[in-house]
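Dropping entry29.pdb in here (PDB, C-alpha atoms):
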```pdb
ATOM      1  CA  LEU D  86     169.484  54.547  91.949  1.00  0.00           C
ATOM      2  CA  THR D  87     173.057  53.371  92.259  1.00  0.00           C
ATOM      3  CA  LEU D  88     173.707  49.913  90.926  1.00  0.00           C
ATOM      4  CA  SER D  89     176.483  47.768  92.251  1.00  0.00           C
ATOM      5  CA  LEU D  90     178.364  45.258  90.156  1.00  0.00           C
ATOM      6  CA  CYS D  91     176.821  41.828  90.197  1.00  0.00           C
ATOM      7  CA  VAL D  92     179.455  39.407  91.415  1.00  0.00           C
ATOM      8  CA  LEU D  93     178.612  35.785  90.737  1.00  0.00           C
ATOM      9  CA  SER D  94     178.699  33.410  93.648  1.00  0.00           C
ATOM     10  CA  PRO D  95     177.172  29.949  94.142  1.00  0.00           C
ATOM     11  CA  GLU D  96     173.881  31.579  95.168  1.00  0.00           C
ATOM     12  CA  ASP D  97     173.662  33.226  91.737  1.00  0.00           C
ATOM     13  CA  VAL D  98     172.619  29.926  90.182  1.00  0.00           C
ATOM     14  CA  LEU D  99     168.949  29.208  90.666  1.00  0.00           C
ATOM     15  CA  SER D 100     168.225  26.226  92.866  1.00  0.00           C
ATOM     16  CA  LYS D 101     164.579  26.127  91.750  1.00  0.00           C
ATOM     17  CA  ASP D 102     162.390  27.567  89.011  1.00  0.00           C
ATOM     18  CA  ALA D 103     161.537  31.215  89.693  1.00  0.00           C
ATOM     19  CA  GLY D 104     158.887  32.334  87.233  1.00  0.00           C
ATOM     20  CA  GLU D 105     159.459  34.614  84.295  1.00  0.00           C
ATOM     21  CA  CYS D 106     162.309  37.019  83.472  1.00  0.00           C
ATOM     22  CA  ALA D 107     160.676  40.450  83.137  1.00  0.00           C
ATOM     23  CA  ILE D 108     163.087  41.387  80.336  1.00  0.00           C
ATOM     24  CA  CYS D 109     162.944  38.459  77.897  1.00  0.00           C
ATOM     25  CA  LEU D 110     159.750  36.835  79.262  1.00  0.00           C
ATOM     26  CA  GLU D 111     161.432  33.405  79.235  1.00  0.00           C
ATOM     27  CA  GLU D 112     161.209  31.192  82.305  1.00  0.00           C
ATOM     28  CA  LEU D 113     163.924  31.451  84.954  1.00  0.00           C
ATOM     29  CA  GLN D 114     164.753  27.783  85.436  1.00  0.00           C
ATOM     30  CA  GLN D 115     166.720  25.755  87.937  1.00  0.00           C
ATOM     31  CA  GLY D 116     170.411  25.930  87.033  1.00  0.00           C
ATOM     32  CA  ASP D 117     170.182  29.294  85.201  1.00  0.00           C
ATOM     33  CA  THR D 118     172.860  31.849  86.022  1.00  0.00           C
ATOM     34  CA  ILE D 119     171.231  35.010  87.322  1.00  0.00           C
ATOM     35  CA  ALA D 120     172.008  38.548  88.409  1.00  0.00           C
ATOM     36  CA  ARG D 121     170.364  39.640  91.653  1.00  0.00           C
ATOM     37  CA  LEU D 122     169.911  43.414  91.932  1.00  0.00           C
ATOM     38  CA  PRO D 123     169.935  45.338  95.243  1.00  0.00           C
ATOM     39  CA  CYS D 124     166.105  45.342  95.126  1.00  0.00           C
ATOM     40  CA  LEU D 125     166.338  41.491  95.030  1.00  0.00           C
ATOM     41  CA  CYS D 126     164.843  41.188  91.535  1.00  0.00           C
ATOM     42  CA  ILE D 127     166.529  38.513  89.426  1.00  0.00           C
ATOM     43  CA  TYR D 128     167.258  38.298  85.696  1.00  0.00           C
ATOM     44  CA  HIS D 129     169.252  36.092  83.333  1.00  0.00           C
ATOM     45  CA  LYS D 130     172.996  36.784  83.535  1.00  0.00           C
ATOM     46  CA  GLY D 131     176.007  35.518  81.612  1.00  0.00           C
ATOM     47  CA  GLN D 132     174.297  33.192  79.192  1.00  0.00           C
ATOM     48  CA  VAL D 133     173.430  33.098  75.542  1.00  0.00           C
ATOM     49  CA  PHE D 134     170.200  31.538  74.361  1.00  0.00           C
ATOM     50  CA  LEU D 135     167.928  31.551  71.343  1.00  0.00           C
ATOM     51  CA  ARG D 136     164.678  33.469  71.495  1.00  0.00           C
ATOM     52  CA  MET D 137     162.507  33.264  68.401  1.00  0.00           C
ATOM     53  CA  ASP D 138     165.595  32.106  66.438  1.00  0.00           C
ATOM     54  CA  VAL D 139     167.555  35.206  67.481  1.00  0.00           C
ATOM     55  CA  LYS D 140     170.694  34.947  69.622  1.00  0.00           C
ATOM     56  CA  VAL D 141     170.161  36.865  72.869  1.00  0.00           C
ATOM     57  CA  THR D 142     172.877  37.500  75.436  1.00  0.00           C
ATOM     58  CA  SER D 143     172.454  38.215  79.128  1.00  0.00           C
ATOM     59  CA  CYS D 144     169.149  40.005  79.636  1.00  0.00           C
ATOM     60  CA  ILE D 145     170.284  42.303  82.416  1.00  0.00           C
ATOM     61  CA  ASP D 146     173.531  43.281  80.658  1.00  0.00           C
ATOM     62  CA  GLU D 147     171.639  44.313  77.525  1.00  0.00           C
ATOM     63  CA  TRP D 148     169.068  46.154  79.652  1.00  0.00           C
ATOM     64  CA  PHE D 149     171.761  48.186  81.431  1.00  0.00           C
ATOM     65  CA  GLU D 150     173.297  49.237  78.101  1.00  0.00           C
ATOM     66  CA  VAL D 151     170.303  51.573  77.655  1.00  0.00           C
ATOM     67  CA  ASN D 152     168.673  51.786  81.114  1.00  0.00           C
ATOM     68  CA  ARG D 153     169.945  52.579  84.595  1.00  0.00           C
ATOM     69  CA  SER D 154     167.184  51.163  86.763  1.00  0.00           C
ATOM     70  CA  CYS D 155     165.564  47.862  87.578  1.00  0.00           C
ATOM     71  CA  PRO D 156     162.986  46.937  84.908  1.00  0.00           C
ATOM     72  CA  GLU D 157     160.422  46.255  87.625  1.00  0.00           C
ATOM     73  CA  HIS D 158     161.286  49.267  89.848  1.00  0.00           C
ATOM     74  CA  PRO D 159     162.115  52.144  87.462  1.00  0.00           C
ATOM     75  CA  SER D 160     161.460  54.874  90.039  1.00  0.00           C
ATOM     76  CA  ASP D 161     163.790  53.434  92.728  1.00  0.00           C
TER      77      ASP D 161
END
```
Write-out of the structure in structure tokens:
Amino acid sequence: LTLSLCVLSPEDVLSKDAGECAICLEELQQGDTIARLPCLCIYHKGQVFLRMDVKVTSCIDEWFEVNRSCPEHPSD
């Protein structure tokens, strides 16, 4: 799987709630900045939030530090 850089554009901000981020399990909410992968899966991008009193940075950026595939499509 070859991953392209995620370039933010106006469509990379959610216009409506979109369920749960498969990485952090927090809700993807309207107004969140997201990364959309070539497989069209979306994850939190470019934000810092607290999860169980721990500071967490962008889900997808942290994921790609140790993984090279989509969390939901590891064999692609």
Could you pull the residues within 8 Å of Lys130 (chain D), counting only C-alpha atoms, minus those fewer than 4 positions along the same chain, as a ChimeraX atom specification?
/D:118-120,143-146
Convert the output of the PyMOL selection byres ((chain D and resi 98-111) around 8) on the shown file into explicit residues, formatted as a list of chain:residue names.
D:Ser94, D:Pro95, D:Glu96, D:Asp97, D:Glu112, D:Leu113, D:Gln114, D:Gln115, D:Gly116, D:Asp117, D:Thr118, D:Ile119, D:Ile127, D:Tyr128, D:His129, D:Cys144, D:Ile145, D:Trp148, D:Pro156, D:Glu157
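For the file shown, the residue list from the PyMOL selection byres ((chain D and resi 124) around 9) reads Arg121, Leu122, Pro123, Leu125, Cys126, Ile127, Cys155, His158 and Asp161 of chain D.
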Once you add 4 Å to each side, what are the centre and edge lengths of the axis-aligned box holding all listed atoms of region 107-120 of chain D? One decimal in Å, as AutoDock Vina command-line options, if you can.
```
--center_x 166.3 --center_y 33.6 --center_z 83.2 --size_x 21.1 --size_y 23.6 --size_z 18.5
```
